[in-house]
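Shown here: data.pdb, PDB, C-alpha atoms and all ligand atoms.
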ATOM      1  CA  MET A  15     187.084  42.378-162.054
ATOM      2  CA  THR A  16     189.668  39.789-163.030
ATOM      3  CA  LEU A  17     193.335  40.619-163.461
ATOM      4  CA  LEU A  18     196.141  38.411-164.716
ATOM      5  CA  VAL A  19     199.280  39.461-162.873
ATOM      6  CA  ASN A  20     202.623  37.662-163.054
ATOM      7  CA  GLY A  21     200.904  34.540-164.361
ATOM      8  CA  GLN A  22     198.253  34.428-161.645
ATOM      9  CA  ARG A  23     194.585  35.279-161.938
ATOM     10  CA  HIS A  24     193.100  37.584-159.289
ATOM     11  CA  THR A  25     189.549  38.737-158.732
ATOM     12  CA  VAL A  26     189.196  42.170-157.152
ATOM     13  CA  ASP A  27     186.184  44.182-156.075
ATOM     14  CA  VAL A  28     187.081  47.776-156.952
ATOM     15  CA  GLU A  29     185.677  50.782-158.801
ATOM     16  CA  PRO A  30     186.442  50.526-162.536
ATOM     17  CA  THR A  31     188.172  53.921-162.514
ATOM     18  CA  THR A  32     190.604  52.945-159.755
ATOM     19  CA  PRO A  33     194.181  53.308-161.002
ATOM     20  CA  LEU A  34     195.791  49.947-161.678
ATOM     21  CA  LEU A  35     198.664  50.997-159.389
ATOM     22  CA  TYR A  36     196.363  51.219-156.370
ATOM     23  CA  VAL A  37     194.945  47.771-157.034
ATOM     24  CA  LEU A  38     198.385  46.214-157.448
ATOM     25  CA  ARG A  39     199.682  47.744-154.248
ATOM     26  CA  ASN A  40     196.618  47.810-152.008
ATOM     27  CA  ASP A  41     194.641  44.763-153.112
ATOM     28  CA  LEU A  42     197.354  42.430-154.398
ATOM     29  CA  ASP A  43     200.124  43.491-151.977
ATOM     30  CA  LEU A  44     202.659  44.018-154.740
ATOM     31  CA  SER A  45     205.186  46.619-153.627
ATOM     32  CA  GLY A  46     207.319  46.682-156.812
ATOM     33  CA  PRO A  47     205.337  49.418-158.563
ATOM     34  CA  ARG A  48     205.747  52.711-156.680
ATOM     35  CA  PHE A  49     203.635  55.815-156.341
ATOM     36  CA  GLY A  50     205.802  58.711-157.467
ATOM     37  CA  CYS A  51     203.994  61.556-159.174
ATOM     38  CA  GLY A  52     200.622  59.906-159.771
ATOM     39  CA  LEU A  53     200.442  61.870-163.008
ATOM     40  CA  GLY A  54     202.095  59.581-165.535
ATOM     41  CA  GLN A  55     205.250  61.677-165.567
ATOM     42  CA  CYS A  56     207.965  59.892-163.566
ATOM     43  CA  GLY A  57     207.719  56.166-164.362
ATOM     44  CA  ALA A  58     207.995  54.869-160.781
ATOM     45  CA  CYS A  59     204.714  52.958-161.184
ATOM     46  CA  THR A  60     205.704  51.167-164.406
ATOM     47  CA  VAL A  61     204.382  47.700-165.230
ATOM     48  CA  ILE A  62     204.647  45.747-168.479
ATOM     49  CA  ILE A  63     201.516  45.101-170.533
ATOM     50  CA  ARG A  64     201.666  43.595-174.019
ATOM     51  CA  GLY A  65     205.412  44.182-174.176
ATOM     52  CA  GLU A  66     205.129  47.876-173.390
ATOM     53  CA  ALA A  67     206.132  49.857-170.331
ATOM     54  CA  VAL A  68     202.862  51.205-168.945
ATOM     55  CA  ARG A  69     202.331  53.808-166.225
ATOM     56  CA  SER A  70     199.930  52.127-163.889
ATOM     57  CA  CYS A  71     199.088  55.295-161.935
ATOM     58  CA  VAL A  72     197.093  56.687-164.858
ATOM     59  CA  ARG A  73     195.625  53.458-166.201
ATOM     60  CA  PRO A  74     192.145  52.563-164.917
ATOM     61  CA  VAL A  75     191.904  49.014-163.663
ATOM     62  CA  SER A  76     188.959  48.475-166.018
ATOM     63  CA  GLN A  77     191.366  48.773-168.968
ATOM     64  CA  SER A  78     193.691  46.199-167.474
ATOM     65  CA  GLN A  79     191.477  43.130-167.560
ATOM     66  CA  ASN A  80     192.284  40.069-169.657
ATOM     67  CA  VAL A  81     195.830  41.165-170.399
ATOM     68  CA  GLU A  82     199.024  39.779-168.896
ATOM     69  CA  ILE A  83     200.421  42.312-166.449
ATOM     70  CA  THR A  84     204.029  41.912-165.327
ATOM     71  CA  THR A  85     205.363  43.703-162.282
ATOM     72  CA  LEU A  86     208.880  43.677-160.872
ATOM     73  CA  GLU A  87     207.869  40.675-158.769
ATOM     74  CA  GLY A  88     207.262  38.722-161.975
ATOM     75  CA  LEU A  89     210.595  39.409-163.636
ATOM     76  CA  ALA A  90     212.524  36.498-162.130
ATOM     77  CA  THR A  91     211.703  33.004-163.390
ATOM     78  CA  ASN A  92     212.175  29.735-161.495
ATOM     79  CA  GLY A  93     214.137  31.520-158.788
ATOM     80  CA  GLN A  94     216.558  32.979-161.337
ATOM     81  CA  LEU A  95     216.908  36.733-161.440
ATOM     82  CA  HIS A  96     216.266  38.323-164.804
ATOM     83  CA  ALA A  97     219.414  39.559-166.592
ATOM     84  CA  VAL A  98     218.313  43.128-165.906
ATOM     85  CA  GLN A  99     217.974  42.493-162.177
ATOM     86  CA  GLN A 100     221.373  40.822-161.988
ATOM     87  CA  ALA A 101     222.986  43.647-163.951
ATOM     88  CA  TRP A 102     221.401  46.155-161.555
ATOM     89  CA  ILE A 103     223.035  44.332-158.651
ATOM     90  CA  ASP A 104     226.374  43.990-160.417
ATOM     91  CA  GLU A 105     226.471  47.698-161.237
ATOM     92  CA  GLN A 106     225.051  48.705-157.825
ATOM     93  CA  VAL A 107     222.607  51.005-159.584
ATOM     94  CA  PRO A 108     220.153  52.150-156.903
ATOM     95  CA  ALA A 109     220.774  55.076-154.594
ATOM     96  CA  CYS A 110     217.528  55.585-152.655
ATOM     97  CA  GLY A 111     215.942  52.980-154.923
ATOM     98  CA  PHE A 112     212.578  54.664-155.284
ATOM     99  CA  CYS A 113     212.635  54.914-159.077
ATOM    100  CA  GLN A 114     214.285  51.579-159.746
ATOM    101  CA  ASN A 115     211.133  49.568-160.369
ATOM    102  CA  GLY A 116     210.469  51.791-163.351
ATOM    103  CA  GLN A 117     214.089  51.759-164.445
ATOM    104  CA  MET A 118     214.346  47.961-164.510
ATOM    105  CA  LEU A 119     211.031  47.319-166.220
ATOM    106  CA  THR A 120     211.686  50.028-168.791
ATOM    107  CA  ALA A 121     215.129  48.517-169.421
ATOM    108  CA  LYS A 122     213.573  45.084-169.949
ATOM    109  CA  VAL A 123     211.149  46.457-172.526
ATOM    110  CA  LEU A 124     213.983  48.332-174.221
ATOM    111  CA  LEU A 125     216.170  45.206-174.437
ATOM    112  CA  ASP A 126     213.283  43.037-175.638
ATOM    113  CA  LYS A 127     212.873  45.432-178.562
ATOM    114  CA  ASN A 128     216.557  46.169-179.115
ATOM    115  CA  PRO A 129     218.910  43.517-177.672
ATOM    116  CA  ASN A 130     222.072  45.520-178.318
ATOM    117  CA  PRO A 131     221.324  49.220-177.864
ATOM    118  CA  THR A 132     223.863  51.995-178.287
ATOM    119  CA  ASP A 133     224.420  54.579-175.562
ATOM    120  CA  ALA A 134     222.218  56.996-177.464
ATOM    121  CA  GLN A 135     219.466  54.418-177.816
ATOM    122  CA  ILE A 136     219.645  53.638-174.093
ATOM    123  CA  ARG A 137     219.382  57.328-173.237
ATOM    124  CA  GLU A 138     216.438  57.707-175.595
ATOM    125  CA  GLY A 139     214.684  54.582-174.332
ATOM    126  CA  MET A 140     215.152  55.411-170.654
ATOM    127  CA  LYS A 141     214.721  59.179-170.760
ATOM    128  CA  GLY A 142     211.133  59.318-169.507
ATOM    129  CA  THR A 143     211.900  57.349-166.357
ATOM    130  CA  LEU A 144     213.124  59.882-163.857
ATOM    131  CA  CYS A 145     215.695  59.441-161.089
ATOM    132  CA  ARG A 146     216.095  62.237-158.589
ATOM    133  CA  CYS A 147     219.296  60.573-157.307
ATOM    134  CA  PHE A 148     220.747  60.898-160.800
ATOM    135  CA  SER A 149     221.744  57.249-161.161
ATOM    136  CA  TYR A 150     221.611  57.571-164.954
ATOM    137  CA  TYR A 151     225.249  56.681-165.550
ATOM    138  CA  ARG A 152     224.942  53.442-163.634
ATOM    139  CA  ILE A 153     221.614  52.708-165.314
ATOM    140  CA  ASN A 154     223.310  53.055-168.688
ATOM    141  CA  ALA A 155     226.109  50.700-167.611
ATOM    142  CA  ALA A 156     223.619  48.177-166.232
ATOM    143  CA  VAL A 157     221.549  48.126-169.420
ATOM    144  CA  LYS A 158     224.733  47.384-171.378
ATOM    145  CA  ARG A 159     225.730  44.672-168.934
ATOM    146  CA  ALA A 160     222.266  43.102-169.149
ATOM    147  CA  ALA A 161     222.494  43.161-172.954
ATOM    148  CA  GLN A 162     225.830  41.332-172.796
ATOM    149  CA  ARG A 163     224.460  38.821-170.306
ATOM    150  CA  ARG A 164     221.469  38.089-172.534
ATOM    151  CA  ALA A 165     223.694  37.703-175.592
TER     152      ALA A 165
HETATM  153  S1  LIG B   1     203.752  57.476-160.326
HETATM  154 FE1  LIG B   1     203.093  56.875-162.272
HETATM  155  S2  LIG B   1     204.299  58.005-163.642
HETATM  156 FE2  LIG B   1     204.827  58.801-161.680
HETATM  157  S1  LIG B   2     217.664  55.928-157.047
HETATM  158 FE1  LIG B   2     216.675  57.512-155.900
HETATM  159  S2  LIG B   2     215.187  58.282-157.297
HETATM  160 FE2  LIG B   2     216.371  56.919-158.497
END
Have the structure of the file written as structure tokens, please.
Amino acid sequence: MTLLVNGQRHTVDVEPTTPLLYVLRNDLDLSGPRFGCGLGQCGACTVIIRGEAVRSCVRPVSQSQNVEITTLEGLATNGQLHAVQQAWIDEQVPACGFCQNGQMLTAKVLLDKNPNPTDAQIREGMKGTLCRCFSYYRINAAVKRAAQRRA
């Protein structure tokens, strides 16, 4: 099977039903996407496919061929952190950090669709991506900072 991940083509020999998350982590050595619940409920495993935040733990690898897949490792360009990544640093968002892959990629998708979201729109857009350390206030601030930086 051929996957296009962060601009690079990879050929992998795996069962078609294997979750995309397992292939990214185990076969391609990408540690950005995390295994949280494995049930599509927490968002730790998020990747971006066709401009949407996708839960890679419940997506079979066979449905992920011939599409551009972006992981956290692919967010920076030419050595420059993405505005979301820089805002996350500036606001010191992570606590344990486990959920933050999903938070940052979900924030990127949100800002790509709505470059200047209100607090309510940020809460709505981020609400399915869970943080057991309750970093939601800093996430909200970082999304706003990233929006300003992009503007
Ligand atoms: S690990 Fe995929 S949604 Fe929780
Ligand atoms: S920072 Fe610990 S789960 Fe979100």
Q.
Assuming the chain letters and numbering stay as they are in my file, what does the PyMOL selection byres (((chain A and resi 102) around 10) and not hetatm) actually select? List them as a ChimeraX atom specification.
A. /A:96-101,103-108,114,117-118,152-153,155-157,159-160
For chain A against ligand LIG 2 (chain B), with a cut-off of 9 Å and counting all atoms listed in the file, what is the closest atom pair and its distance in Å to one decimal for every residue that makes the cut, ordered by chain and number, as a Markdown table?
| residue | atom | partner | partner_atom | distance |
| --- | --- | --- | --- | --- |
| A:Ala58 | CA | B:LIG2 | S2 | 8.7 |
| A:Val107 | CA | B:LIG2 | S1 | 7.4 |
| A:Pro108 | CA | B:LIG2 | S1 | 4.5 |
| A:Ala109 | CA | B:LIG2 | S1 | 4.1 |
| A:Cys110 | CA | B:LIG2 | FE1 | 3.9 |
| A:Gly111 | CA | B:LIG2 | S1 | 4.0 |
| A:Phe112 | CA | B:LIG2 | S2 | 4.9 |
| A:Cys113 | CA | B:LIG2 | FE2 | 4.3 |
| A:Gln114 | CA | B:LIG2 | FE2 | 5.9 |
| A:Gln117 | CA | B:LIG2 | FE2 | 8.2 |
| A:Leu144 | CA | B:LIG2 | FE2 | 6.9 |
| A:Cys145 | CA | B:LIG2 | FE2 | 3.7 |
| A:Arg146 | CA | B:LIG2 | S2 | 4.3 |
| A:Cys147 | CA | B:LIG2 | FE1 | 4.3 |
| A:Phe148 | CA | B:LIG2 | FE2 | 6.3 |
| A:Ser149 | CA | B:LIG2 | S1 | 5.9 |
| A:Tyr150 | CA | B:LIG2 | FE2 | 8.3 |
Q: Report as a list of chain:residue names the full result of the PyMOL selection byres (((chain A and resi 129-142) around 8) and not hetatm) when it is applied to this structure.
A: A:Gln55, A:Cys56, A:Gly57, A:Gln117, A:Thr120, A:Ala121, A:Leu124, A:Leu125, A:Asp126, A:Lys127, A:Asn128, A:Thr143, A:Leu144, A:Asn154, A:Val157, A:Lys158, A:Ala161, A:Gln162, A:Arg164, A:Ala165
Using C-alpha atoms, can you write the selected residues to a file as a PDB file, in the frame of the given file?
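Once everything was written out, this is selection32.pdb:
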ATOM      1  CA  GLN A  55     205.250  61.677-165.567  1.00  0.00           C
ATOM      2  CA  CYS A  56     207.965  59.892-163.566  1.00  0.00           C
ATOM      3  CA  GLY A  57     207.719  56.166-164.362  1.00  0.00           C
ATOM      4  CA  GLN A 117     214.089  51.759-164.445  1.00  0.00           C
ATOM      5  CA  THR A 120     211.686  50.028-168.791  1.00  0.00           C
ATOM      6  CA  ALA A 121     215.129  48.517-169.421  1.00  0.00           C
ATOM      7  CA  LEU A 124     213.983  48.332-174.221  1.00  0.00           C
ATOM      8  CA  LEU A 125     216.170  45.206-174.437  1.00  0.00           C
ATOM      9  CA  ASP A 126     213.283  43.037-175.638  1.00  0.00           C
ATOM     10  CA  LYS A 127     212.873  45.432-178.562  1.00  0.00           C
ATOM     11  CA  ASN A 128     216.557  46.169-179.115  1.00  0.00           C
ATOM     12  CA  THR A 143     211.900  57.349-166.357  1.00  0.00           C
ATOM     13  CA  LEU A 144     213.124  59.882-163.857  1.00  0.00           C
ATOM     14  CA  ASN A 154     223.310  53.055-168.688  1.00  0.00           C
ATOM     15  CA  VAL A 157     221.549  48.126-169.420  1.00  0.00           C
ATOM     16  CA  LYS A 158     224.733  47.384-171.378  1.00  0.00           C
ATOM     17  CA  ALA A 161     222.494  43.161-172.954  1.00  0.00           C
ATOM     18  CA  GLN A 162     225.830  41.332-172.796  1.00  0.00           C
ATOM     19  CA  ARG A 164     221.469  38.089-172.534  1.00  0.00           C
ATOM     20  CA  ALA A 165     223.694  37.703-175.592  1.00  0.00           C
TER      21      ALA A 165
END
Q: Show me which residues sit within 6 Å of ligand LIG 1 (chain B) when counting all atoms listed in the file, and put them as a ChimeraX atom specification.
A: /A:49-59,69-71
**Q.** Ground truth for the PyMOL selection byres (((chain A and resi 27-41) around 7) and not hetatm), written as a list in words
**A.**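 What the PyMOL selection byres (((chain A and resi 27-41) around 7) and not hetatm) grabs from the file is Met15, Thr25, Val26, Leu42, Asp43, Leu44, Ser45, Pro47, Cys59, Ser70, Cys71, Val72, Arg73, Pro74, Val75 and Ser76 of chain A.
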Box along x, y and z, 4 Å on every side, all listed atoms of segment 80-92 of chain A inside: centre and edge lengths in Å to one decimal, as JSON.
{"center_x": 202.4, "center_y": 36.7, "center_z": -164.6, "size_x": 28.2, "size_y": 22.0, "size_z": 19.6}
